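Report on one structure; see the data block that follows.
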Amino acid sequence: MPAEFHNPISKAIRPEDTAEALSKYLRSQQRGREEYALMVQAFYDLITDFYEYGWGPSFHFAPGKDGASFEEALASHQYYLGKAIGLKPGMKVLDIGCGVGGPQRSIARKFGASIVGLNISEYQVGKCAAYNRKAGLADRCSVLRGDFLDIPAEEESFDAAYQIEALPHAPDKTAAYAEVFRVLRPGAVFAGYDWCMTPLYDDGNPEHREIRQGIEYGNALPQIASFTDIADGLRAAGFEGIETGDRARDADPGTPWYRPLEGSARSLKSLPRTPFGRKITSAVLRVLEGVRAVPKGSLAISEVLNVAADSLVAAGRLGIFTPMYYHKARKPD
Ligand SMILES: C[S@@+](CC[C@H](N)C(=O)[O-])C[C@H]1O[C@@H](n2cnc3c(N)ncnc32)[C@H](O)[C@@H]1O
């Protein structure tokens with residue numbers, strides 16, 4: 001076992017709750033849209049530490065650039081949004097579905113704005129607030145627990161808003177946009193990156209359908225949108241000046257967004273994502289579960305994440321899916 005073997009789940013939730021959270025997640029999946037809030041909370045209770053361990057504090061993809069590190073690509077993807085919404089010191093901004101706050105802290109540092117994170121996951125809210133304090137940013141970065149379909153904030157209380165791969169979890173895109181619209185002041189800009197099936201996706205193709213379902217299952221998503229759903233939803237919510245585009249096309253050809261999920265044996269950290277590393281991880285988890293050194297359900301959770309990774313890579317290679325469909329829109333004056 002590698003010296004730095006780490007058991008992320010045991011830190012995330014109490015051992016006795018893991019199997020229960022997992023079965024809650026699987027049950028809620030079957031009920032789909034009505035259970036989106038339960039599904040997403042159970043999911044992030046289970047996988048937040050896995051994500052942090054394997055990916056870092058920013059839970060999103062980025063178009064890769066030759067010569068740029070993974071962290072640099074993530075940061076430039078975040079700054080692109082900061083620029084799009086015209087961030088300046090003194091502005092009050094909403095980060096919808098803020099995760100543990102990697103993007104929030106990076107954008108706040110770069111642009112000097114005050115950012116309020118919104119997140120439905122209590123576990124992530126606690127972590128995000130602690131990291132903000134530790135980073136010395138608590139005066140400008142705060143976190144609010146709540147649902148983006150019912151944002152706990154006054155109308156017209158933000159100067160701008162962004163979302164990074166959070167609204168794929170929305171069971172009703174237009175309803176989520178309408179809430180964002182409500183809390184923005186007139187003239188404010190909202191931008192983000194959503195997960196979409198591209199026009200190359202063919203719902204009549206069984207392979208495509210299976211891949212889409214794998215992405216939904218492995219990522220706690222109700223149903224993945226199409227490009228037109230995004231622009232139509234923004235328009236229906238009242239936004240104007242809508243701009244959209246697939247930022248996956250901005251990646252250099254050798255570094256597509258899904259490259260980090262393909263795994264390479266070059267570093268200890270990426271080892272668990274290689275086929276060999278997965279075998280080791282599964283074997284280790286099976287043994288550890290047997291001797292109760294990790295909670296029951298740990299292996300099943302790592303398998304859910306493997307389905308997610310395999311489906312995302314397959315979709316990326318076929319070009320039928322993007323996790324970075326850019327959208328920008330303005331609330332009329
Ligand atoms: C893929 S993560 C992205 C997190 C963050 N934007 C980042 O890039 O690091 C999706 C986030 O959306 C949050 N989320 C999902 N459904 C939500 C809802 N209904 N209301 C608020 N937040 C939600 C999750 O808890 C999670 O933090």
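Chain labels A, B, ... are given in the sequence in which chains occur in the structure tokens; within each chain residues are numbered consecutively from 1, and ligands are likewise numbered from 1 in the order shown.
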
**Prompt:** Mind listing the residues within 7 Å of ligand 1, only C-alpha atoms and all ligand atoms counted, as a ChimeraX atom specification?
**Reply:** /A:37,40-41,44,57-60,96-103,118-121,124,146-149,163-167,169-170

Which of stretch 63-288 of chain A fall in strand (DSSP E or B), as a PyMOL selection string: chain A and resi 92-96+114-119+141-145+147+150+158-164+184-197+225-226+240-246

Residues just named, written with N, CA and C atoms as a compact mmCIF listing (two decimals), in the first residue's frame:
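Written file, selection33.txt:
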# COMPACT_ATOMS: atom_id res chain seq x y z
N LYS A 92 -20.23 42.71 -5.15
CA LYS A 92 -20.74 41.58 -4.36
C LYS A 92 -21.29 40.53 -5.33
N VAL A 93 -20.69 39.36 -5.28
CA VAL A 93 -20.93 38.36 -6.32
C VAL A 93 -21.46 37.06 -5.71
N LEU A 94 -22.31 36.36 -6.45
CA LEU A 94 -22.82 35.07 -5.99
C LEU A 94 -22.15 33.94 -6.77
N ASP A 95 -21.57 32.97 -6.05
CA ASP A 95 -21.00 31.77 -6.66
C ASP A 95 -21.99 30.64 -6.40
N ILE A 96 -22.72 30.25 -7.45
CA ILE A 96 -23.81 29.29 -7.29
C ILE A 96 -23.27 27.86 -7.31
N SER A 114 -15.97 40.64 -3.46
CA SER A 114 -16.50 39.88 -2.33
C SER A 114 -17.43 38.81 -2.88
N ILE A 115 -17.19 37.57 -2.51
CA ILE A 115 -17.96 36.48 -3.11
C ILE A 115 -18.71 35.68 -2.05
N VAL A 116 -20.00 35.52 -2.29
CA VAL A 116 -20.83 34.70 -1.41
C VAL A 116 -21.05 33.37 -2.12
N GLY A 117 -20.60 32.28 -1.52
CA GLY A 117 -20.83 30.96 -2.10
C GLY A 117 -22.19 30.45 -1.66
N LEU A 118 -22.87 29.75 -2.56
CA LEU A 118 -24.15 29.13 -2.21
C LEU A 118 -23.98 27.63 -2.42
N ASN A 119 -24.41 26.85 -1.45
CA ASN A 119 -24.21 25.41 -1.59
C ASN A 119 -25.26 24.65 -0.79
N CYS A 141 -14.90 36.31 1.49
CA CYS A 141 -15.51 35.06 0.99
C CYS A 141 -16.36 34.44 2.09
N SER A 142 -17.67 34.36 1.85
CA SER A 142 -18.55 33.72 2.83
C SER A 142 -19.34 32.61 2.13
N VAL A 143 -20.05 31.82 2.91
CA VAL A 143 -20.82 30.71 2.32
C VAL A 143 -22.21 30.67 2.93
N LEU A 144 -23.15 30.39 2.06
CA LEU A 144 -24.56 30.36 2.44
C LEU A 144 -25.07 28.97 2.13
N ARG A 145 -25.74 28.35 3.10
CA ARG A 145 -26.31 27.03 2.77
C ARG A 145 -27.69 27.23 2.16
N ASP A 147 -30.51 26.11 -1.50
CA ASP A 147 -30.81 25.48 -2.78
C ASP A 147 -30.88 26.56 -3.86
N ASP A 150 -34.17 27.96 -4.70
CA ASP A 150 -34.87 28.78 -3.70
C ASP A 150 -33.77 29.53 -2.92
N PHE A 158 -27.25 41.13 -5.56
CA PHE A 158 -25.90 40.84 -6.05
C PHE A 158 -25.59 41.65 -7.32
N ASP A 159 -24.29 42.01 -7.46
CA ASP A 159 -23.84 42.79 -8.62
C ASP A 159 -23.47 41.89 -9.80
N ALA A 160 -23.32 40.60 -9.55
CA ALA A 160 -22.97 39.64 -10.62
C ALA A 160 -23.13 38.24 -10.03
N ALA A 161 -23.16 37.23 -10.92
CA ALA A 161 -23.23 35.85 -10.44
C ALA A 161 -22.54 34.94 -11.44
N TYR A 162 -22.00 33.84 -10.94
CA TYR A 162 -21.44 32.83 -11.84
C TYR A 162 -21.72 31.44 -11.27
N GLN A 163 -21.67 30.45 -12.15
CA GLN A 163 -21.79 29.07 -11.70
C GLN A 163 -20.80 28.23 -12.48
N ILE A 164 -20.10 27.36 -11.79
CA ILE A 164 -19.15 26.48 -12.47
C ILE A 164 -19.60 25.03 -12.24
N LEU A 184 -30.25 39.12 -8.75
CA LEU A 184 -29.31 40.06 -9.38
C LEU A 184 -29.92 41.45 -9.48
N ARG A 185 -29.06 42.47 -9.36
CA ARG A 185 -29.56 43.83 -9.57
C ARG A 185 -29.72 44.05 -11.09
N PRO A 186 -30.59 44.98 -11.50
CA PRO A 186 -30.75 45.24 -12.94
C PRO A 186 -29.39 45.61 -13.57
N GLY A 187 -29.14 45.09 -14.74
CA GLY A 187 -27.88 45.37 -15.44
C GLY A 187 -26.76 44.39 -15.09
N ALA A 188 -26.98 43.54 -14.09
CA ALA A 188 -25.91 42.62 -13.66
C ALA A 188 -25.76 41.45 -14.65
N VAL A 189 -24.56 40.88 -14.67
CA VAL A 189 -24.26 39.80 -15.62
C VAL A 189 -24.10 38.48 -14.87
N PHE A 190 -24.60 37.42 -15.50
CA PHE A 190 -24.49 36.06 -14.97
C PHE A 190 -23.79 35.21 -16.03
N ALA A 191 -22.78 34.46 -15.63
CA ALA A 191 -22.09 33.58 -16.59
C ALA A 191 -21.75 32.26 -15.93
N GLY A 192 -21.46 31.26 -16.74
CA GLY A 192 -21.12 29.96 -16.15
C GLY A 192 -20.74 28.92 -17.18
N TYR A 193 -20.46 27.74 -16.66
CA TYR A 193 -20.16 26.58 -17.50
C TYR A 193 -21.11 25.46 -17.12
N ASP A 194 -21.82 24.95 -18.11
CA ASP A 194 -22.77 23.87 -17.84
C ASP A 194 -22.36 22.59 -18.54
N TRP A 195 -22.94 21.49 -18.12
CA TRP A 195 -22.71 20.19 -18.77
C TRP A 195 -23.80 19.99 -19.80
N CYS A 196 -23.40 19.69 -21.06
CA CYS A 196 -24.39 19.50 -22.12
C CYS A 196 -24.02 18.33 -23.03
N MET A 197 -25.04 17.69 -23.59
CA MET A 197 -24.81 16.79 -24.70
C MET A 197 -24.67 17.70 -25.93
N ALA A 225 -28.55 18.53 -20.15
CA ALA A 225 -29.21 19.45 -21.09
C ALA A 225 -28.57 19.39 -22.48
N SER A 226 -29.30 19.99 -23.44
CA SER A 226 -28.73 20.20 -24.78
C SER A 226 -28.31 21.67 -24.86
N GLU A 240 -31.18 38.81 -21.13
CA GLU A 240 -30.98 39.28 -22.50
C GLU A 240 -29.48 39.26 -22.82
N GLY A 241 -29.14 39.56 -24.08
CA GLY A 241 -27.73 39.60 -24.50
C GLY A 241 -27.05 38.26 -24.30
N ILE A 242 -27.77 37.19 -24.61
CA ILE A 242 -27.25 35.85 -24.31
C ILE A 242 -26.12 35.44 -25.26
N GLU A 243 -25.00 35.00 -24.68
CA GLU A 243 -23.88 34.47 -25.48
C GLU A 243 -23.61 33.05 -24.99
N THR A 244 -23.35 32.14 -25.92
CA THR A 244 -23.05 30.76 -25.53
C THR A 244 -21.94 30.21 -26.41
N GLY A 245 -21.31 29.14 -25.98
CA GLY A 245 -20.29 28.49 -26.80
C GLY A 245 -19.61 27.38 -26.03
N ASP A 246 -19.11 26.40 -26.77
CA ASP A 246 -18.47 25.25 -26.12
C ASP A 246 -16.98 25.53 -25.93

**Prompt:** Neighbours of stretch 310-319 of chain A within 9 Å (only C-alpha atoms; same-chain residues fewer than 4 positions away dropped), as a PyMOL selection string?
**Reply:** chain A and resi 197-198+200-201+208+210-215+218+256-259+261-262+305-306

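Atom CA of A:Ala236 to atom CA of A:Ala62 spans 28.3 Å [interatomic distance, one decimal].
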
What separates atom CA of A:Arg330 and atom CA of A:Gly238 is a distance of 8.9 Å

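Interatomic distance, atom CA of A:Arg249 to atom CA of A:Asn219: 22.8 Å.
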
If you run DSSP on the backbone here, which positions in stretch 100-226 of chain A get helix (DSSP H, G or I)? Please write them as a PyMOL selection string.
chain A and resi 102-111+122-134+167-169+173-183+206-219

File dump, residues just selected, N, CA and C atoms, as a compact mmCIF listing (two decimals), in the first residue's frame:
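Saved result, result_11.txt, follows:
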# COMPACT_ATOMS: atom_id res chain seq x y z
N GLY A 102 -12.74 26.32 -4.01
CA GLY A 102 -11.50 26.55 -4.79
C GLY A 102 -11.66 27.73 -5.74
N PRO A 103 -12.69 27.72 -6.61
CA PRO A 103 -12.88 28.85 -7.53
C PRO A 103 -13.19 30.17 -6.80
N GLN A 104 -13.97 30.07 -5.74
CA GLN A 104 -14.35 31.29 -5.01
C GLN A 104 -13.10 32.03 -4.52
N ARG A 105 -12.20 31.31 -3.89
CA ARG A 105 -10.98 31.95 -3.33
C ARG A 105 -10.07 32.44 -4.44
N SER A 106 -9.96 31.64 -5.50
CA SER A 106 -9.07 32.04 -6.60
C SER A 106 -9.61 33.30 -7.30
N ILE A 107 -10.91 33.36 -7.53
CA ILE A 107 -11.51 34.52 -8.21
C ILE A 107 -11.48 35.75 -7.29
N ALA A 108 -11.74 35.53 -6.00
CA ALA A 108 -11.72 36.67 -5.06
C ALA A 108 -10.32 37.28 -4.99
N ARG A 109 -9.29 36.44 -5.00
CA ARG A 109 -7.90 36.94 -4.94
C ARG A 109 -7.57 37.72 -6.22
N LYS A 110 -7.96 37.14 -7.35
CA LYS A 110 -7.58 37.74 -8.64
C LYS A 110 -8.28 39.08 -8.87
N PHE A 111 -9.57 39.16 -8.53
CA PHE A 111 -10.35 40.35 -8.91
C PHE A 111 -10.68 41.26 -7.73
N GLU A 122 -24.26 20.57 3.25
CA GLU A 122 -23.82 21.06 4.55
C GLU A 122 -22.34 20.73 4.79
N TYR A 123 -21.97 19.53 4.37
CA TYR A 123 -20.59 19.10 4.57
C TYR A 123 -19.62 20.04 3.82
N GLN A 124 -19.98 20.39 2.57
CA GLN A 124 -19.10 21.27 1.80
C GLN A 124 -19.12 22.70 2.34
N VAL A 125 -20.28 23.16 2.83
CA VAL A 125 -20.36 24.52 3.39
C VAL A 125 -19.37 24.64 4.56
N GLY A 126 -19.35 23.62 5.42
CA GLY A 126 -18.44 23.64 6.57
C GLY A 126 -16.99 23.69 6.13
N LYS A 127 -16.65 22.86 5.14
CA LYS A 127 -15.27 22.83 4.65
C LYS A 127 -14.89 24.15 3.99
N CYS A 128 -15.80 24.66 3.17
CA CYS A 128 -15.53 25.90 2.42
C CYS A 128 -15.27 27.06 3.39
N ALA A 129 -16.11 27.17 4.41
CA ALA A 129 -15.94 28.27 5.37
C ALA A 129 -14.60 28.13 6.10
N ALA A 130 -14.23 26.90 6.45
CA ALA A 130 -12.96 26.68 7.16
C ALA A 130 -11.78 27.04 6.25
N TYR A 131 -11.85 26.64 4.97
CA TYR A 131 -10.75 26.96 4.05
C TYR A 131 -10.67 28.47 3.80
N ASN A 132 -11.82 29.14 3.75
CA ASN A 132 -11.81 30.60 3.54
C ASN A 132 -11.11 31.29 4.71
N ARG A 133 -11.42 30.82 5.92
CA ARG A 133 -10.76 31.40 7.11
C ARG A 133 -9.27 31.14 7.07
N LYS A 134 -8.91 29.90 6.77
CA LYS A 134 -7.50 29.52 6.75
C LYS A 134 -6.72 30.33 5.70
N LEU A 167 -25.02 23.98 -12.07
CA LEU A 167 -26.39 23.89 -12.59
C LEU A 167 -26.68 22.61 -13.38
N PRO A 168 -25.67 21.80 -13.74
CA PRO A 168 -26.05 20.48 -14.28
C PRO A 168 -26.92 19.70 -13.28
N HIS A 169 -26.84 20.07 -12.00
CA HIS A 169 -27.64 19.38 -10.98
C HIS A 169 -29.08 19.91 -10.92
N LYS A 173 -33.90 23.84 -15.40
CA LYS A 173 -32.92 24.90 -15.69
C LYS A 173 -33.56 26.29 -15.62
N THR A 174 -34.74 26.43 -16.24
CA THR A 174 -35.37 27.75 -16.27
C THR A 174 -35.69 28.24 -14.86
N ALA A 175 -36.15 27.33 -13.99
CA ALA A 175 -36.48 27.72 -12.61
C ALA A 175 -35.21 28.19 -11.89
N ALA A 176 -34.10 27.52 -12.15
CA ALA A 176 -32.84 27.93 -11.50
C ALA A 176 -32.40 29.30 -12.02
N TYR A 177 -32.49 29.50 -13.34
CA TYR A 177 -32.10 30.80 -13.91
C TYR A 177 -33.01 31.92 -13.37
N ALA A 178 -34.28 31.59 -13.18
CA ALA A 178 -35.22 32.61 -12.70
C ALA A 178 -34.84 33.05 -11.28
N GLU A 179 -34.35 32.12 -10.47
CA GLU A 179 -33.89 32.48 -9.12
C GLU A 179 -32.65 33.37 -9.18
N VAL A 180 -31.74 33.04 -10.08
CA VAL A 180 -30.53 33.87 -10.23
C VAL A 180 -30.94 35.27 -10.68
N PHE A 181 -31.85 35.32 -11.63
CA PHE A 181 -32.36 36.59 -12.16
C PHE A 181 -32.94 37.44 -11.01
N ARG A 182 -33.69 36.79 -10.15
CA ARG A 182 -34.34 37.50 -9.04
C ARG A 182 -33.33 38.18 -8.11
N VAL A 183 -32.23 37.47 -7.80
CA VAL A 183 -31.30 38.03 -6.81
C VAL A 183 -30.27 38.98 -7.41
N PRO A 206 -27.84 3.46 -29.02
CA PRO A 206 -27.78 2.85 -27.68
C PRO A 206 -26.46 3.12 -26.95
N GLU A 207 -25.35 3.19 -27.71
CA GLU A 207 -24.06 3.46 -27.06
C GLU A 207 -24.06 4.88 -26.46
N HIS A 208 -24.56 5.84 -27.23
CA HIS A 208 -24.63 7.22 -26.73
C HIS A 208 -25.50 7.29 -25.48
N ARG A 209 -26.65 6.61 -25.56
CA ARG A 209 -27.60 6.68 -24.43
C ARG A 209 -27.00 6.09 -23.16
N GLU A 210 -26.29 4.97 -23.35
CA GLU A 210 -25.68 4.31 -22.18
C GLU A 210 -24.61 5.23 -21.56
N ILE A 211 -23.86 5.89 -22.41
CA ILE A 211 -22.82 6.80 -21.90
C ILE A 211 -23.47 7.96 -21.14
N ARG A 212 -24.51 8.54 -21.72
CA ARG A 212 -25.18 9.65 -21.03
C ARG A 212 -25.71 9.19 -19.67
N GLN A 213 -26.34 8.02 -19.66
CA GLN A 213 -26.89 7.52 -18.38
C GLN A 213 -25.77 7.27 -17.36
N GLY A 214 -24.62 6.81 -17.85
CA GLY A 214 -23.47 6.60 -16.96
C GLY A 214 -23.00 7.90 -16.35
N ILE A 215 -22.99 8.96 -17.15
CA ILE A 215 -22.57 10.28 -16.62
C ILE A 215 -23.58 10.74 -15.56
N GLU A 216 -24.86 10.57 -15.87
CA GLU A 216 -25.89 11.01 -14.91
C GLU A 216 -25.80 10.21 -13.60
N TYR A 217 -25.67 8.90 -13.75
CA TYR A 217 -25.61 8.04 -12.55
C TYR A 217 -24.37 8.35 -11.70
N GLY A 218 -23.23 8.53 -12.35
CA GLY A 218 -21.97 8.70 -11.62
C GLY A 218 -21.75 10.10 -11.09
N ASN A 219 -22.66 11.03 -11.42
CA ASN A 219 -22.45 12.42 -11.00
C ASN A 219 -23.68 13.05 -10.36
